[in-house]
file upload.txt (compact mmCIF, C-alpha atoms)
# COMPACT_ATOMS: atom_id res chain seq x y z
CA MET A 272 -23.46 24.35 -18.57
CA ASN A 273 -20.50 22.91 -16.73
CA ALA A 274 -18.02 20.97 -18.81
CA PRO A 275 -17.98 17.26 -17.91
CA GLN A 276 -15.16 16.26 -15.62
CA ASN A 277 -12.59 13.83 -16.92
CA PRO A 278 -13.29 10.37 -15.52
CA LEU A 279 -10.66 9.01 -13.15
CA PRO A 280 -8.10 6.76 -14.84
CA ILE A 281 -8.25 4.10 -12.11
CA ARG A 282 -10.74 2.33 -9.92
CA ALA A 283 -10.16 0.31 -6.77
CA VAL A 284 -11.87 -2.08 -4.40
CA VAL A 285 -10.63 -2.85 -0.90
CA ALA A 286 -10.78 -6.45 0.34
CA PRO A 287 -9.73 -6.93 4.00
CA VAL A 288 -7.85 -10.24 4.37
CA THR A 289 -6.32 -12.40 7.12
CA PRO A 290 -7.35 -12.46 10.79
CA LEU A 291 -5.62 -9.07 11.08
CA GLN A 292 -8.11 -7.51 8.61
CA GLN A 293 -5.42 -6.01 6.41
CA ASN A 294 -6.65 -3.85 3.53
CA CYS A 295 -5.68 -5.66 0.35
CA THR A 296 -6.57 -3.42 -2.60
CA ILE A 297 -7.38 -4.37 -6.17
CA VAL A 298 -6.69 -1.34 -8.35
CA TRP A 299 -7.13 -1.20 -12.10
CA CYS A 300 -6.69 0.92 -15.19
CA VAL A 301 -10.17 1.80 -16.42
CA LYS A 302 -9.15 1.88 -20.10
CA THR A 303 -7.48 -1.53 -20.21
CA MET A 304 -9.05 -3.38 -17.23
CA LYS A 305 -5.51 -4.40 -16.25
CA ALA A 306 -5.26 -4.77 -12.46
CA ALA A 307 -2.74 -4.87 -9.66
CA VAL A 308 -3.28 -6.51 -6.29
CA ILE A 309 -1.63 -4.42 -3.60
CA ASP A 310 -0.61 -6.29 -0.44
CA PRO A 311 -2.10 -9.78 -0.90
CA GLY A 312 -1.73 -10.86 2.71
CA GLY A 313 -3.77 -14.04 2.27
CA GLU A 314 -7.08 -15.50 1.11
CA VAL A 315 -5.75 -15.79 -2.42
CA PRO A 316 -8.74 -17.76 -3.85
CA ARG A 317 -11.02 -14.95 -2.70
CA LEU A 318 -8.80 -12.37 -4.42
CA LEU A 319 -8.78 -14.37 -7.65
CA GLN A 320 -12.58 -14.57 -7.53
CA ALA A 321 -12.81 -10.80 -6.96
CA LEU A 322 -10.66 -10.20 -10.04
CA LYS A 323 -12.93 -12.49 -12.06
CA ASP A 324 -16.08 -10.83 -10.71
CA GLN A 325 -14.81 -7.41 -11.85
CA GLY A 326 -13.76 -8.71 -15.27
CA LEU A 327 -10.12 -7.79 -14.64
CA THR A 328 -6.82 -9.14 -15.94
CA LEU A 329 -4.14 -9.26 -13.26
CA GLU A 330 -0.94 -7.58 -14.47
CA LYS A 331 1.09 -6.85 -11.31
CA ILE A 332 1.41 -7.63 -7.61
CA TRP A 333 2.58 -4.63 -5.57
CA ILE A 334 3.88 -4.85 -2.00
CA THR A 335 4.12 -1.88 0.39
CA HIS A 336 6.19 -3.70 3.02
CA GLY A 337 7.26 -7.15 4.11
CA HIS A 338 4.99 -7.85 7.08
CA LEU A 339 3.07 -11.12 7.07
CA ASP A 340 -0.43 -9.63 6.90
CA HIS A 341 0.52 -7.57 3.83
CA ALA A 342 2.69 -10.01 1.92
CA GLY A 343 1.93 -13.54 3.15
CA GLY A 344 -0.15 -14.52 0.11
CA THR A 345 2.24 -13.10 -2.48
CA ALA A 346 3.97 -16.39 -3.34
CA ALA A 347 0.65 -18.21 -3.81
CA LEU A 348 -0.83 -15.40 -5.94
CA LYS A 349 2.25 -15.31 -8.15
CA GLU A 350 2.17 -19.09 -8.58
CA ALA A 351 -1.51 -18.93 -9.54
CA THR A 352 -1.12 -16.11 -12.07
CA GLY A 353 2.54 -15.79 -13.13
CA VAL A 354 2.49 -12.00 -12.85
CA PRO A 355 5.53 -10.05 -11.57
CA VAL A 356 5.91 -8.87 -7.98
CA GLU A 357 7.06 -5.26 -7.54
CA GLY A 358 8.14 -3.90 -4.17
CA PRO A 359 8.89 -3.26 -1.46
CA HIS A 360 12.24 -1.48 -0.96
CA PRO A 361 15.14 -3.93 -0.41
CA ASP A 362 15.52 -2.83 3.23
CA ASP A 363 12.49 -5.04 3.98
CA GLN A 364 14.18 -8.24 2.76
CA PHE A 365 14.58 -9.47 6.35
CA TRP A 366 10.84 -9.14 6.96
CA ILE A 367 10.02 -11.09 3.78
CA ASP A 368 12.47 -13.83 4.81
CA ASP A 369 10.58 -14.11 8.14
CA ILE A 370 7.09 -14.57 6.63
CA GLY A 371 7.03 -18.36 7.03
CA ALA A 372 8.00 -18.22 10.71
CA SER A 373 5.58 -15.36 11.35
CA GLY A 374 2.78 -17.27 9.64
CA ALA A 375 3.28 -20.28 11.88
CA LYS A 376 3.23 -18.00 14.92
CA TRP A 377 0.08 -16.11 13.89
CA GLY A 378 -1.96 -19.05 12.64
CA MET A 379 -1.41 -18.45 8.92
CA PRO A 380 0.54 -21.58 7.95
CA ASP A 381 0.10 -21.02 4.20
CA ALA A 382 2.11 -17.78 4.27
CA ARG A 383 5.46 -18.02 2.49
CA SER A 384 8.40 -15.80 1.69
CA PHE A 385 9.16 -14.76 -1.90
CA THR A 386 11.64 -12.82 -3.99
CA PRO A 387 10.26 -9.71 -5.74
CA ASP A 388 10.81 -9.49 -9.47
CA ARG A 389 11.61 -5.82 -8.93
CA TRP A 390 12.68 -4.07 -5.76
CA LEU A 391 11.48 -0.47 -5.57
CA GLY A 392 13.15 2.75 -4.47
CA ASP A 393 12.11 6.33 -3.83
CA GLY A 394 11.15 8.06 -7.07
CA ASP A 395 10.57 4.88 -9.08
CA LYS A 396 7.54 4.54 -11.33
CA VAL A 397 5.33 1.50 -11.76
CA THR A 398 2.85 1.10 -14.58
CA LEU A 399 -0.56 -0.51 -14.73
CA GLY A 400 -2.24 -0.69 -18.12
CA GLU A 401 -2.04 2.90 -19.41
CA THR A 402 -1.59 4.44 -15.94
CA GLU A 403 1.49 5.27 -13.92
CA PHE A 404 2.00 5.26 -10.16
CA GLU A 405 4.80 6.97 -8.27
CA VAL A 406 6.76 5.07 -5.63
CA ILE A 407 7.59 6.91 -2.42
CA HIS A 408 9.96 5.31 0.10
CA CYS A 409 8.45 5.96 3.55
CA PRO A 410 10.52 4.25 6.25
CA GLY A 411 9.56 4.22 9.91
CA HIS A 412 7.06 1.40 10.38
CA THR A 413 9.51 -0.81 8.51
CA PRO A 414 12.77 0.38 6.91
CA GLY A 415 11.73 -0.62 3.39
CA HIS A 416 8.11 0.55 3.35
CA VAL A 417 6.88 2.16 0.11
CA VAL A 418 3.71 4.07 -0.80
CA PHE A 419 2.02 3.90 -4.23
CA PHE A 420 0.63 7.23 -5.48
CA GLN A 421 -1.50 7.88 -8.57
CA ARG A 422 -1.23 11.62 -9.08
CA GLU A 423 -4.04 12.10 -11.60
CA ALA A 424 -6.57 10.23 -9.46
CA ARG A 425 -5.30 11.82 -6.20
CA PHE A 426 -5.06 8.33 -4.73
CA ALA A 427 -2.47 6.69 -2.48
CA GLN A 428 -2.02 3.25 -0.96
CA VAL A 429 -0.02 3.98 2.18
CA GLY A 430 0.18 0.60 3.91
CA ASP A 431 0.95 0.94 7.60
CA VAL A 432 2.53 4.40 7.46
CA LEU A 433 -0.68 6.31 8.25
CA PHE A 434 -4.24 5.45 9.32
CA GLN A 435 -7.44 7.34 9.92
CA GLY A 436 -6.70 8.82 13.35
CA SER A 437 -3.45 6.98 13.93
CA ILE A 438 0.02 6.15 12.59
CA GLY A 439 2.04 2.98 12.10
CA ARG A 440 3.72 1.16 14.95
CA THR A 441 7.45 1.70 15.28
CA ASP A 442 8.25 -0.85 18.00
CA PHE A 443 9.12 -3.62 15.54
CA PRO A 444 12.74 -4.45 14.62
CA ARG A 445 14.26 -1.54 12.68
CA GLY A 446 11.18 0.61 13.20
CA ASN A 447 11.90 4.29 13.89
CA HIS A 448 9.39 6.85 15.15
CA ALA A 449 11.34 9.90 13.95
CA ASP A 450 11.65 8.36 10.47
CA LEU A 451 7.91 7.67 10.39
CA ILE A 452 6.99 11.25 11.31
CA HIS A 453 9.42 12.52 8.68
CA SER A 454 7.91 10.20 6.04
CA ILE A 455 4.39 11.42 6.79
CA THR A 456 5.08 15.14 7.05
CA GLN A 457 7.81 15.51 4.42
CA LYS A 458 6.77 12.92 1.83
CA LEU A 459 2.99 12.46 2.11
CA TRP A 460 1.68 15.89 3.15
CA PRO A 461 3.29 17.68 0.16
CA LEU A 462 1.24 15.49 -2.20
CA GLY A 463 -1.85 17.51 -1.26
CA ASP A 464 -4.67 17.66 1.30
CA ASP A 465 -7.12 16.31 -1.29
CA VAL A 466 -5.34 12.97 -1.70
CA ARG A 467 -7.52 10.05 -0.59
CA PHE A 468 -5.65 7.11 0.83
CA VAL A 469 -6.21 3.46 1.64
CA PRO A 470 -4.39 2.59 4.86
CA GLY A 471 -3.19 -0.87 5.79
CA HIS A 472 -6.11 -1.30 8.18
CA GLY A 473 -9.39 0.50 8.74
CA PRO A 474 -11.32 3.10 6.74
CA MET A 475 -10.04 5.45 4.04
CA SER A 476 -9.26 9.07 4.79
CA THR A 477 -7.58 12.09 3.19
CA PHE A 478 -4.26 13.70 4.01
CA GLY A 479 -6.11 16.94 4.76
CA GLN A 480 -8.36 15.28 7.32
CA GLU A 481 -5.36 13.73 9.07
CA ARG A 482 -3.50 17.05 9.08
CA ARG A 483 -6.49 18.54 10.89
CA THR A 484 -7.51 15.76 13.25
CA ASN A 485 -4.90 13.01 13.64
CA PRO A 486 -3.75 13.03 17.31
CA PHE A 487 -0.22 11.99 16.31
CA VAL A 488 0.58 14.04 13.21
CA ALA A 489 -1.98 16.87 12.92
CA ASP A 490 -0.32 20.19 12.13
CA ALA A 491 -1.42 21.66 15.48
CA VAL A 492 -0.11 18.64 17.41
CA LEU A 493 3.33 18.76 15.80
CA ALA A 494 3.51 22.55 16.15
CA GLY A 495 3.05 22.16 19.89
CA GLU A 496 5.96 19.77 20.34

call {"tool": "encode", "arguments": {"input": "upload.txt", "output": "structure tokens"}}
result
Amino acid sequence: MNAPQNPLPIRAVVAPVTPLQQNCTIVWCVKTMKAAVIDPGGEVPRLLQALKDQGLTLEKIWITHGHLDHAGGTAALKEATGVPVEGPHPDDQFWIDDIGASGAKWGMPDARSFTPDRWLGDGDKVTLGETEFEVIHCPGHTPGHVVFFQREARFAQVGDVLFQGSIGRTDFPRGNHADLIHSITQKLWPLGDDVRFVPGHGPMSTFGQERRTNPFVADAVLAGE
């Protein structure tokens, strides 16, 4: 008989929000049912209902980077719940300051800027219930972009650094293509091919699949440069 596998310490549901269909993720500690909302870009009432439907208690709001579609609902969610906002890295302050103007431009007038309760840096830890996530600073798409990694569950929320079959744009202010490639290959790949990740948009994938098939950062593609 095989020994039973240890159950994963976290669970997650992905809820695309805003006209840009950004992957907002509700992740929670299975033992405590304490939850974090990662990248509440908008549609805050829907997110609050999803938390209620799952029987969760919101403990944190985590932000990967300061773009409107990822962070535009942060102020409203914090006002509704009172929980602390953690992230991104302070180099994204200018993007957060621009959320109101960006919202008006993109038809999301409710989007507002905010001040995180805790800025995050490379190597920081954030806690959720009885679980711990590692913070990895991954600049390139934006200078202050961070990734949240739960080592035991082999799970990462990578925002707009990496997608299934693609990578983040680097043509925004202070974007940098070389930095993005370095973040992916030197900071994400070493975490392991088996790591499943939620990207900022589109379906989940694994680092191993992207190393094999991604037309921008597959091992064979980069080896041929």

call {"tool": "closest_residue", "arguments": {"input": "upload.txt", "among": "A:Ile455, A:Ile438, A:Ile367, A:Leu329", "to": "Pro486 in chain A", "atoms": "all atoms listed in the file"}}
result
A:Ile438

call {"tool": "closest_residue", "arguments": {"input": "upload.txt", "among": "A:Gly411, A:Gly463, A:Pro387, A:Lys458", "to": "Asp442 in chain A", "atoms": "only C-alpha atoms"}}
result
A:Gly411

call {"tool": "closest_atom_pairs", "arguments": {"input": "upload.txt", "of": "range 390-418 of chain A", "to": "range 446-449 of chain A", "cutoff": "10 Å", "atoms": "all atoms listed in the file", "output": "CSV"}}
result
residue,atom,partner,partner_atom,distance
A:Pro410,CA,A:Asn447,CA,7.8
A:Gly411,CA,A:Asn447,CA,4.6
A:His412,CA,A:Gly446,CA,5.1
A:Thr413,CA,A:Gly446,CA,5.2
A:Pro414,CA,A:Gly446,CA,6.5
A:Gly415,CA,A:Gly446,CA,9.9

call {"tool": "closest_residue", "arguments": {"input": "upload.txt", "among": "A:Val298, A:Asp340, A:Thr484, A:Val285", "to": "Ala382 in chain A", "atoms": "all atoms listed in the file"}}
result
A:Asp340

call {"tool": "atom_distance", "arguments": {"input": "upload.txt", "atom1": "CA of Thr402 in chain A", "atom2": "CA of Ala424 in chain A"}}
result
10.0 Å

call {"tool": "residues_near_point", "arguments": {"input": "upload.txt", "point": "(-10.1, -8.4, 5.9)", "cutoff": "10 Å", "atoms": "all atoms listed in the file", "output": "PyMOL selection string"}}
result
chain A and resi 285-295+312-314+340+472-473

call {"tool": "residues_around", "arguments": {"input": "upload.txt", "residues": "Gly400 in chain A", "least_positions_apart": "2", "cutoff": "12 Å", "atoms": "all atoms listed in the file", "output": "list of chain:residue names"}}
result
A:Pro280, A:Ile281, A:Val298, A:Trp299, A:Cys300, A:Val301, A:Lys302, A:Thr303, A:Met304, A:Lys305, A:Ala306, A:Ala307, A:Leu327, A:Thr328, A:Leu329, A:Glu330, A:Lys331, A:Val397, A:Thr398, A:Thr402, A:Glu403, A:Phe404
